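Working notes, beginning with the structure itself.
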Amino acid sequence: MIPGTDSGGGSAGEDDPSLAKRVADRYLKREVLGEGTYGVVFKAIDTKANRLITGQTVAIKKIRLGQYKEGVNFTALREIKLLKELKDPNIIELIDAFPHKGNLHLVFEFMESDLEAVIRDRNIVLSLADTKSYLQMTLKGLAYCHKKWVVHRDMKPNNLLIASDGQLKLADFGLARIFGSPDRKFTHQVFARWYRAPELLYGAKQYGAGVDVWAAGCIFAELLLRRPFLQGSSDIDQLGKIFAAFGTPKPSRWPDMVYLPDYVEYQYVPAPPLRTLFPMASDDALDLLSKMFIYDPKARITVQQALEHRYFSSVPAPTKPSLLPRPPPKGESQNQKPSDFNPQEGPIVLSPQRKLRRVTLDHDGLAGSTFRSEKAGENVKEVRHMDGTTSQSGSMPMSIDLGAMFGSRPPPRPTLNSVDRSHLKRKLDLDAEFDHL
Ligand SMILES: Nc1ncnc2c1ncn2[C@@H]1O[C@H](COP(=O)(O)OP(=O)(O)OP(=O)(O)O)[C@@H](O)[C@H]1O
């Protein structure tokens, strides 16, 4: 137990404000590391890690409680206590959690880098053994949590953090469940869609560990391709991209599909050979990928089965974590990511006519019309069809041109600098606020 905090099993300072202040005093705030879906993250020094070690670097995620104020004390803190009990080499350790000044502070072990930085770093060459190692650590972390009945639901490469010893650790476990589905208007969530399983995209309310397997499959694919695999610009487009890659599912292949809340029928397209999408992958890698991308979540491979797949026992053996190639630690390269996002680049939207209810024009300076999907209320710039035509509503072509889907260079991820300067402003404001801790 942490000195100066309660010993009764509750989160530190949960019901005693002076105790919360004492806990907050324990952490010396350093720079802002970034801002995510749930709040801003700071680097901090733990001045009282334990009697022997002081000055341990930690990362503190400060979660704005605003909208959760009513319910967070009981449900969320109880869930967070459960997260504190998750201890595994491939799970980021939640060291402490305490409320302070209306915010919830989650204290994590500090991590030097993340998998997104590895994938994006063009100076890094990833061998087959390196890819195998990163995937294996991802699956091991998932296997531990699934055994404890915790589903991540928000797996993506920037949630896979990398420690100084090369160990990959899953972060943000359980936060989606505790704090609800994040608001998709945040840029972060736009990317989360690329890793979302088809059952989630079809609006499944009840889902299982299979959503994490699908996301891990997307991450595996991204490691092989060195770019995000299925980059949908809306939920509808995401399903279109998935079906273009793996063929439109027939109800015989996924019987529960037609009962999902947002189910719509897509025109049938056959699956191209997987090998055409991953020309460099080994046969074992392709076999595992195909099992992680099975449509019916009940038939999809489990994480444990994936770990036992022959891909992991065949040569080459996974690289030892300490020998894995890594980008420079945070701070050295973090803020120098090139901005290559082009907001003028319209997404390709493949959407069944039935999905469309309303199409509005907007005039915010970016080219094209605004597409509003009935399901998610998402606005998408310009509806551009596979044949190069554009339209505002109605008769959308149902043909899928794989060349258009996979041939062209995908739009790169936006960076903070290029798309959302207001985030930066908010970060700085919060930075000042944290000084009062
Ligand atoms: N334990 C940690 N150690 C070091 N840096 C961290 C840690 N946790 C988060 N960060 C960094 O803080 C920033 C914000 O992280 P956060 O997890 O809140 O959002 P994100 O991963 O960027 O997006 P999302 O919330 O959508 O997952 C990121 O740059 C992330 O790498």
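Residues in the structure tokens are named by chain (A, B, ... in the order shown) and by number from 1 within that chain; ligands are numbered from 1 in the order shown.
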Next on the checklist: Could you list the protein, DNA and RNA residues that have any atom within 8 Å of ligand 1, counting only C-alpha atoms and all ligand atoms, and write them as a PyMOL selection string?
Outcome noted: chain A and resi 32-43+58-61+92+107-114+154+156+158-159+161+171-172+187-189+191-192+330+334
Set the distance at 12 Å and use only C-alpha atoms: which residues neighbour A:Lys250 once local chain neighbours fewer than 6 positions away are removed? I'd like the list as a tab-separated table (two decimals) with N, CA and C atoms, in the first residue's frame.
chain	number	residue	atom	x	y	z
A	243	PHE	N	-15.25	-5.02	-45.75
A	243	PHE	CA	-15.85	-5.97	-46.70
A	243	PHE	C	-15.04	-6.05	-47.98
A	256	ASP	N	-25.70	-14.05	-36.61
A	256	ASP	CA	-26.25	-13.00	-35.72
A	256	ASP	C	-26.19	-11.61	-36.35
A	257	MET	N	-25.46	-11.48	-37.43
A	257	MET	CA	-25.23	-10.16	-38.04
A	257	MET	C	-26.54	-9.42	-38.33
A	258	VAL	N	-27.50	-10.13	-38.90
A	258	VAL	CA	-28.72	-9.46	-39.36
A	258	VAL	C	-29.57	-8.94	-38.19
A	265	GLU	N	-27.62	-4.03	-45.26
A	265	GLU	CA	-27.07	-4.98	-46.21
A	265	GLU	C	-26.14	-4.26	-47.18
A	266	TYR	N	-25.00	-4.80	-47.39
A	266	TYR	CA	-24.05	-4.27	-48.37
A	266	TYR	C	-24.06	-5.19	-49.59
A	267	GLN	N	-23.78	-4.58	-50.71
A	267	GLN	CA	-23.71	-5.39	-51.92
A	267	GLN	C	-22.60	-6.44	-51.77
A	268	TYR	N	-22.87	-7.63	-52.24
A	268	TYR	CA	-21.89	-8.71	-52.07
A	268	TYR	C	-20.65	-8.47	-52.93
A	269	VAL	N	-19.52	-8.55	-52.28
A	269	VAL	CA	-18.25	-8.59	-53.05
A	269	VAL	C	-17.44	-9.77	-52.51
A	270	PRO	N	-16.78	-10.50	-53.37
A	270	PRO	CA	-15.99	-11.64	-52.89
A	270	PRO	C	-14.70	-11.15	-52.24
A	271	ALA	N	-14.12	-12.02	-51.43
A	271	ALA	CA	-12.84	-11.67	-50.79
A	271	ALA	C	-11.69	-11.88	-51.77
A	295	TYR	N	-15.44	-12.96	-39.28
A	295	TYR	CA	-16.53	-12.02	-39.00
A	295	TYR	C	-17.32	-12.38	-37.74
A	296	ASP	N	-17.75	-13.62	-37.66
A	296	ASP	CA	-18.59	-14.00	-36.52
A	296	ASP	C	-17.74	-14.03	-35.26
Checklist entry - Could you write out, as a PyMOL selection string, all the residues of stretch 156-336 of chain A that DSSP marks as strand (DSSP E)? => result chain A and resi 160-162+168-170
Next on the checklist: Could you go through stretch 100-319 of chain A and tell me which residues DSSP, when run on the backbone, assigns to helix (DSSP H, G or I), listing them as an MDAnalysis selection string?
Outcome noted: chainID A and resid 115:120 128:147 157:159 175:179 187:195 198:201 210:225 235:246 255:259 274:277 283:292 303:307 310:313
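For the pair atom CA of A:Gly247 and atom CA of A:Val303, the separation is 23.3 Å.
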Checklist entry - For A:Ala244, which residue among A:Ala221, A:Leu324, A:Leu168, A:Leu230 is the nearest when counting only C-alpha atoms? => result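 Closest to A:Ala244 of all the choices is A:Leu230.
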Checklist entry - When you draw a straight line from atom CA of A:Trp254 to atom CA of A:Cys145, how long is it in Å? => result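 Taking atom CA of A:Trp254 as the start and atom CA of A:Cys145 as the end point, the length is 26.1 Å.
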Next on the checklist: What's around A:Ser127 at 12 Å? Count only C-alpha atoms, leave out sequence neighbours fewer than 2 positions away in its own chain, and write the answer as a PyMOL selection string.
Outcome noted: chain A and resi 119+124-125+129-134+223-226+280-281+316-319+323-325
Taking N, CA and C atoms for each residue, export the selection above as a PDB file, in the first residue's frame.
ATOM      1  N   ILE A 119       5.930   2.081 -35.459  1.00  0.00           N
ATOM      2  CA  ILE A 119       5.447   1.815 -36.821  1.00  0.00           C
ATOM      3  C   ILE A 119       5.713   3.003 -37.739  1.00  0.00           C
ATOM      4  N   ILE A 124      13.249   2.894 -38.563  1.00  0.00           N
ATOM      5  CA  ILE A 124      13.201   1.566 -37.931  1.00  0.00           C
ATOM      6  C   ILE A 124      12.834   0.510 -38.960  1.00  0.00           C
ATOM      7  N   VAL A 125      13.658  -0.508 -39.021  1.00  0.00           N
ATOM      8  CA  VAL A 125      13.337  -1.662 -39.873  1.00  0.00           C
ATOM      9  C   VAL A 125      12.782  -2.738 -38.948  1.00  0.00           C
ATOM     10  N   ALA A 129      10.794 -11.260 -37.126  1.00  0.00           N
ATOM     11  CA  ALA A 129      10.904 -11.651 -35.715  1.00  0.00           C
ATOM     12  C   ALA A 129      10.486 -10.500 -34.789  1.00  0.00           C
ATOM     13  N   ASP A 130      10.776  -9.268 -35.195  1.00  0.00           N
ATOM     14  CA  ASP A 130      10.374  -8.113 -34.378  1.00  0.00           C
ATOM     15  C   ASP A 130       8.847  -7.986 -34.352  1.00  0.00           C
ATOM     16  N   THR A 131       8.257  -8.113 -35.537  1.00  0.00           N
ATOM     17  CA  THR A 131       6.787  -8.028 -35.633  1.00  0.00           C
ATOM     18  C   THR A 131       6.152  -9.111 -34.763  1.00  0.00           C
ATOM     19  N   LYS A 132       6.731 -10.295 -34.831  1.00  0.00           N
ATOM     20  CA  LYS A 132       6.203 -11.416 -34.045  1.00  0.00           C
ATOM     21  C   LYS A 132       6.276 -11.101 -32.557  1.00  0.00           C
ATOM     22  N   SER A 133       7.358 -10.505 -32.149  1.00  0.00           N
ATOM     23  CA  SER A 133       7.545 -10.192 -30.732  1.00  0.00           C
ATOM     24  C   SER A 133       6.531  -9.143 -30.267  1.00  0.00           C
ATOM     25  N   TYR A 134       6.362  -8.081 -31.058  1.00  0.00           N
ATOM     26  CA  TYR A 134       5.400  -7.042 -30.663  1.00  0.00           C
ATOM     27  C   TYR A 134       3.982  -7.618 -30.604  1.00  0.00           C
ATOM     28  N   LEU A 223       1.561  -3.630 -38.488  1.00  0.00           N
ATOM     29  CA  LEU A 223       2.991  -3.929 -38.322  1.00  0.00           C
ATOM     30  C   LEU A 223       3.574  -4.471 -39.627  1.00  0.00           C
ATOM     31  N   LEU A 224       2.781  -5.285 -40.313  1.00  0.00           N
ATOM     32  CA  LEU A 224       3.270  -5.867 -41.573  1.00  0.00           C
ATOM     33  C   LEU A 224       3.332  -4.822 -42.693  1.00  0.00           C
ATOM     34  N   LEU A 225       2.329  -3.945 -42.721  1.00  0.00           N
ATOM     35  CA  LEU A 225       2.234  -2.986 -43.823  1.00  0.00           C
ATOM     36  C   LEU A 225       2.958  -1.670 -43.539  1.00  0.00           C
ATOM     37  N   ARG A 226       3.198  -1.397 -42.265  1.00  0.00           N
ATOM     38  CA  ARG A 226       3.770  -0.126 -41.790  1.00  0.00           C
ATOM     39  C   ARG A 226       2.846   1.048 -42.110  1.00  0.00           C
ATOM     40  N   MET A 280       4.226  -9.765 -48.368  1.00  0.00           N
ATOM     41  CA  MET A 280       5.468 -10.155 -47.702  1.00  0.00           C
ATOM     42  C   MET A 280       5.249 -11.107 -46.522  1.00  0.00           C
ATOM     43  N   ALA A 281       4.006 -11.360 -46.160  1.00  0.00           N
ATOM     44  CA  ALA A 281       3.760 -12.146 -44.944  1.00  0.00           C
ATOM     45  C   ALA A 281       3.986 -13.638 -45.191  1.00  0.00           C
ATOM     46  N   PRO A 316      11.029 -17.322 -37.803  1.00  0.00           N
ATOM     47  CA  PRO A 316      11.996 -16.970 -36.763  1.00  0.00           C
ATOM     48  C   PRO A 316      11.315 -16.825 -35.404  1.00  0.00           C
ATOM     49  N   ALA A 317      12.086 -17.085 -34.355  1.00  0.00           N
ATOM     50  CA  ALA A 317      11.552 -16.889 -33.002  1.00  0.00           C
ATOM     51  C   ALA A 317      11.370 -15.392 -32.749  1.00  0.00           C
ATOM     52  N   PRO A 318      10.394 -15.049 -31.894  1.00  0.00           N
ATOM     53  CA  PRO A 318      10.188 -13.624 -31.597  1.00  0.00           C
ATOM     54  C   PRO A 318      11.448 -12.984 -30.996  1.00  0.00           C
ATOM     55  N   THR A 319      11.738 -11.781 -31.410  1.00  0.00           N
ATOM     56  CA  THR A 319      12.901 -11.061 -30.872  1.00  0.00           C
ATOM     57  C   THR A 319      12.713 -10.816 -29.371  1.00  0.00           C
ATOM     58  N   LEU A 323      15.954  -6.399 -27.255  1.00  0.00           N
ATOM     59  CA  LEU A 323      16.678  -6.228 -28.521  1.00  0.00           C
ATOM     60  C   LEU A 323      15.809  -5.599 -29.623  1.00  0.00           C
ATOM     61  N   LEU A 324      14.582  -5.290 -29.283  1.00  0.00           N
ATOM     62  CA  LEU A 324      13.672  -4.752 -30.304  1.00  0.00           C
ATOM     63  C   LEU A 324      14.065  -3.329 -30.710  1.00  0.00           C
ATOM     64  N   PRO A 325      13.892  -3.003 -31.985  1.00  0.00           N
ATOM     65  CA  PRO A 325      14.172  -1.619 -32.398  1.00  0.00           C
ATOM     66  C   PRO A 325      13.105  -0.681 -31.843  1.00  0.00           C
TER      67      PRO A 325
END
